[in-house]
file final00.cif (mmCIF, C-alpha atoms)
data_coords
#
loop_
_atom_site.label_atom_id
_atom_site.label_comp_id
_atom_site.auth_asym_id
_atom_site.auth_seq_id
_atom_site.Cartn_x
_atom_site.Cartn_y
_atom_site.Cartn_z
CA MET A 212 16.98 87.41 29.58
CA GLU A 213 18.38 87.23 26.06
CA LEU A 214 15.89 89.85 24.83
CA THR A 215 17.55 92.39 27.12
CA THR A 216 20.79 91.96 25.12
CA LEU A 217 19.27 93.28 21.87
CA THR A 218 20.02 96.96 21.21
CA PRO A 219 19.04 98.69 17.97
CA PHE A 220 21.23 101.65 16.97
CA PRO A 221 18.21 104.01 16.64
CA LEU A 222 17.55 103.41 20.36
CA PHE A 223 21.20 103.52 21.49
CA LEU A 224 22.04 106.83 19.83
CA PRO A 225 19.38 109.12 21.36
CA VAL A 226 19.70 107.52 24.80
CA TRP A 227 23.46 108.08 24.99
CA LEU A 228 23.29 111.53 23.35
CA LEU A 229 20.83 112.52 26.09
CA VAL A 230 23.14 111.10 28.77
CA LEU A 231 26.10 113.04 27.32
CA ALA A 232 24.08 116.27 27.09
CA VAL A 233 22.98 116.02 30.72
CA VAL A 234 26.50 115.20 31.92
CA ALA A 235 27.97 118.07 29.86
CA VAL A 236 25.60 120.61 31.42
CA VAL A 237 26.22 119.30 34.93
CA ALA A 238 30.00 119.21 34.35
CA GLU A 239 30.16 122.76 33.00
CA ARG A 240 28.18 124.07 35.96
CA ALA A 241 30.35 122.13 38.40
CA VAL A 242 33.81 123.13 37.20
CA GLY A 243 33.71 125.58 34.29
CA VAL A 244 35.09 125.17 30.80
CA ALA A 245 38.89 124.91 31.24
CA PRO A 246 38.86 122.30 34.04
CA LEU A 247 36.09 120.49 32.17
CA LEU A 248 38.30 120.08 29.11
CA LEU A 249 41.25 118.78 31.13
CA ALA A 250 39.19 116.31 33.19
CA ALA A 251 37.24 115.19 30.10
CA ALA A 252 40.51 114.51 28.26
CA ALA A 253 41.63 112.36 31.21
CA GLY A 254 38.29 110.54 31.09
CA LEU A 255 38.57 109.91 27.36
CA LEU A 256 42.09 108.53 27.69
CA SER A 257 40.92 106.35 30.58
CA TRP A 258 38.09 105.06 28.42
CA THR A 259 40.49 103.83 25.74
CA LEU A 260 42.35 101.65 28.24
CA PHE A 261 39.07 100.48 29.83
CA GLU A 262 37.79 99.50 26.36
CA TYR A 263 40.87 97.43 25.62
CA LEU A 264 41.10 95.74 29.03
CA GLY A 265 37.35 95.07 29.21
CA HIS A 266 37.23 93.48 25.78
CA ARG A 267 40.35 91.41 26.35
CA PHE A 268 39.83 90.24 29.93
CA VAL A 269 36.07 90.40 30.56
CA PHE A 270 34.36 89.78 27.21
CA HIS A 271 36.69 86.90 26.41
CA LEU A 272 36.80 85.48 29.90
CA GLU A 273 36.67 81.69 29.92
CA LEU A 274 34.69 80.67 32.98
CA ARG A 275 34.08 77.13 34.17
CA SER A 276 30.60 77.46 35.62
CA GLY A 277 27.61 77.11 33.35
CA TRP A 278 26.13 80.33 34.73
CA GLY A 279 29.36 82.24 34.09
CA ARG A 280 29.68 80.92 30.54
CA ARG A 281 26.07 81.91 29.82
CA LEU A 282 26.67 85.42 31.19
CA VAL A 283 29.76 85.95 29.02
CA PHE A 284 27.82 84.53 26.05
CA LEU A 285 24.95 86.99 26.60
CA LEU A 286 27.29 89.95 27.08
CA HIS A 287 29.61 89.32 24.15
CA GLN A 288 30.05 85.83 22.74
CA ASN A 289 26.61 85.90 21.09
CA HIS A 290 28.04 88.79 19.04
CA HIS A 291 30.89 86.53 17.94
CA GLN A 292 28.41 83.84 16.99
CA ASP A 293 26.73 86.24 14.52
CA PRO A 294 28.91 89.34 14.01
CA THR A 295 26.58 90.76 11.35
CA ASP A 296 23.50 90.90 13.60
CA PRO A 297 22.73 94.65 13.92
CA LEU A 298 20.99 94.10 17.28
CA ARG A 299 24.12 92.54 18.82
CA SER A 300 26.73 95.06 17.67
CA LEU A 301 26.17 97.39 20.65
CA MET A 302 26.54 96.92 24.39
CA PRO A 303 23.03 96.30 25.73
CA LEU A 304 21.51 99.33 27.43
CA THR A 305 20.67 97.03 30.35
CA VAL A 306 24.43 96.81 30.92
CA SER A 307 25.79 100.15 29.67
CA LEU A 308 23.40 102.42 31.58
CA PRO A 309 23.82 100.86 35.06
CA LEU A 310 27.56 100.46 34.51
CA GLY A 311 27.77 104.06 33.33
CA ALA A 312 25.90 105.25 36.43
CA ALA A 313 28.29 103.30 38.66
CA ILE A 314 31.33 104.77 36.88
CA TRP A 315 29.85 108.27 37.12
CA GLY A 316 29.37 107.76 40.86
CA ALA A 317 32.90 106.41 41.28
CA SER A 318 34.24 109.38 39.30
CA LEU A 319 32.53 111.76 41.73
CA LEU A 320 33.99 109.90 44.70
CA VAL A 321 37.51 110.10 43.27
CA TRP A 322 37.48 113.51 41.55
CA GLY A 323 34.78 115.44 43.42
CA GLY A 324 32.97 117.94 41.15
CA ALA A 325 35.52 117.33 38.39
CA GLY A 326 34.19 113.75 38.30
CA HIS A 327 31.30 115.01 36.16
CA ALA A 328 33.80 116.22 33.54
CA PHE A 329 35.91 113.07 33.84
CA PHE A 330 32.80 110.98 33.25
CA LEU A 331 31.83 113.18 30.29
CA GLY A 332 35.11 112.25 28.59
CA PHE A 333 34.79 108.61 29.61
CA ALA A 334 31.18 108.35 28.40
CA SER A 335 32.03 110.20 25.17
CA GLY A 336 34.71 107.59 24.56
CA TYR A 337 32.18 104.85 25.21
CA GLY A 338 29.65 106.41 22.82
CA GLY A 339 32.31 106.72 20.13
CA TYR A 340 33.49 103.17 20.73
CA ASP A 341 30.04 101.61 20.43
CA THR A 342 29.22 103.73 17.37
CA VAL A 343 32.47 102.70 15.67
CA HIS A 344 31.92 99.08 16.67
CA TRP A 345 28.40 99.09 15.23
CA ALA A 346 29.68 100.78 12.05
CA CYS A 347 32.46 98.18 11.66
CA HIS A 348 29.78 95.51 11.39
CA GLN A 349 27.01 97.41 9.63
CA LEU A 350 28.55 100.06 7.33
CA PRO A 351 31.12 100.02 4.49
CA MET A 352 33.56 102.46 6.24
CA ARG A 353 35.57 103.31 3.13
CA GLY A 354 37.58 106.31 4.42
CA PRO A 355 41.20 105.77 5.47
CA VAL A 356 40.55 105.88 9.24
CA GLY A 357 37.25 104.00 9.13
CA ALA A 358 38.61 101.33 6.80
CA ARG A 359 41.63 100.80 9.08
CA LEU A 360 39.47 100.52 12.21
CA LYS A 361 37.10 98.13 10.46
CA ARG A 362 39.91 95.94 9.10
CA HIS A 363 41.55 95.83 12.55
CA HIS A 364 38.32 94.81 14.27
CA LEU A 365 37.09 92.31 11.69
CA ARG A 366 40.43 90.53 11.88
CA HIS A 367 39.56 89.98 15.57
CA HIS A 368 36.39 88.22 14.45
CA TYR A 369 37.64 86.29 11.45
CA ALA A 370 41.40 85.78 11.89
CA GLY A 371 41.82 85.36 15.64
CA GLN A 372 39.65 86.14 18.65
CA ASP A 373 42.74 86.11 20.83
CA ALA A 374 44.08 89.36 19.32
CA ASN A 375 43.04 92.82 18.09
CA TYR A 376 40.96 93.64 21.17
CA ALA A 377 40.96 97.41 20.72
CA ILE A 378 38.19 98.94 18.63
CA THR A 379 38.82 102.70 18.61
CA ALA A 380 42.28 103.06 20.18
CA ILE A 381 44.08 100.34 18.26
CA PHE A 382 47.46 101.51 19.55
CA TRP A 383 46.74 99.54 22.75
CA ASP A 384 47.09 96.30 20.78
CA ARG A 385 50.61 97.41 19.83
CA VAL A 386 51.42 98.52 23.39
CA PHE A 387 50.32 95.18 24.87
CA GLY A 388 51.52 93.01 21.97
CA SER A 389 48.07 91.66 21.17
CA GLY A 390 47.80 92.87 17.57
CA LEU A 391 47.55 90.39 14.73
CA THR A 392 50.68 90.56 12.65
CA ARG A 393 49.79 88.12 9.87
CA ARG A 394 47.83 89.20 6.82
#
call {"tool": "encode", "arguments": {"input": "final00.cif", "output": "structure tokens"}}
result
Amino acid sequence: MELTTLTPFPLFLPVWLLVLAVVAVVAERAVGVAPLLLAAAAGLLSWTLFEYLGHRFVFHLELRSGWGRRLVFLLHQNHHQDPTDPLRSLMPLTVSLPLGAAIWGASLLVWGGAGHAFFLGFASGYGGYDTVHWACHQLPMRGPVGARLKRHHLRHHYAGQDANYAITAIFWDRVFGSGLTRR
């Protein structure tokens, strides 16, 4: 089962770019450009909150059962055990693709045809999040934005796993009071 948690970036990138391309075409045909942009913006904003809440309350969930602890370890804690492992810096495709399909389906149930556009924004946020997360661990990220995102995230790994849960939308750590304040 552990082998299914390894995801190389050269596999992740084309898979999710293909997903986004397909969703973009379907969304544009379903609602047109203007509604697409509005619904996609709502999806992107929703992603940022989902990212924060998922990392804080699911990936760092402390379960009592052995099975539950193993599941959380496979999904995320193995990444904390070796944060520099390039194969563990991305959400496994065995998780992200089925979860993405479920969220796409739920978006259609809630939003109707605009659900395609909502999911386009949501999935774009996810793709950006996982790319930034991978880069935080694998690339120098010397620019002002990249360096700030990297510093924020690496403090989560090396200064306190109980803070700095946001990766791309670090304002959520300020909103919820979970940002590290010490240097």
call {"tool": "atom_distance", "arguments": {"input": "final00.cif", "atom1": "CA of Asn375 (chain A)", "atom2": "CA of Pro297 (chain A)"}}
result
20.8 Å
call {"tool": "residues_around", "arguments": {"input": "final00.cif", "residues": "region 237-246 of chain A", "least_positions_apart": "3", "cutoff": "10 Å", "atoms": "all atoms listed in the file", "output": "number ranges by chain"}}
result
A: 231-234, 249-252, 323-331
call {"tool": "closest_residue", "arguments": {"input": "final00.cif", "among": "A:Val283, A:Leu256, A:Ala370, A:Met302", "to": "Phe268 (chain A)", "atoms": "all atoms listed in the file"}}
result
A:Val283
call {"tool": "atom_distance", "arguments": {"input": "final00.cif", "atom1": "CA of His287 (chain A)", "atom2": "CA of Phe270 (chain A)"}}
result
5.7 Å
call {"tool": "residues_around", "arguments": {"input": "final00.cif", "residues": "Leu222 (chain A)", "least_positions_apart": "4", "cutoff": "12 Å", "atoms": "all atoms listed in the file", "output": "list in words"}}
result
Leu217, Thr218, Val226, Trp227, Leu228, Leu229, Leu298, Leu301, Met302, Pro303 and Leu304 of chain A
call {"tool": "residues_around", "arguments": {"input": "final00.cif", "residues": "Phe333 (chain A)", "least_positions_apart": "4", "cutoff": "7 Å", "atoms": "all atoms listed in the file", "output": "ChimeraX atom specification"}}
result
/A:254-255,257-258,329,337
call {"tool": "closest_residue", "arguments": {"input": "final00.cif", "among": "A:Ser318, A:Gln372, A:Thr295, A:Ser307", "to": "Cys347 (chain A)", "atoms": "all atoms listed in the file"}}
result
A:Thr295
call {"tool": "atom_distance", "arguments": {"input": "final00.cif", "atom1": "CA of Leu360 (chain A)", "atom2": "CA of Gly338 (chain A)"}}
result
15.6 Å
call {"tool": "closest_residue", "arguments": {"input": "final00.cif", "among": "A:Leu264, A:Val230, A:Leu247, A:Leu272", "to": "Asp384 (chain A)", "atoms": "all atoms listed in the file"}}
result
A:Leu264
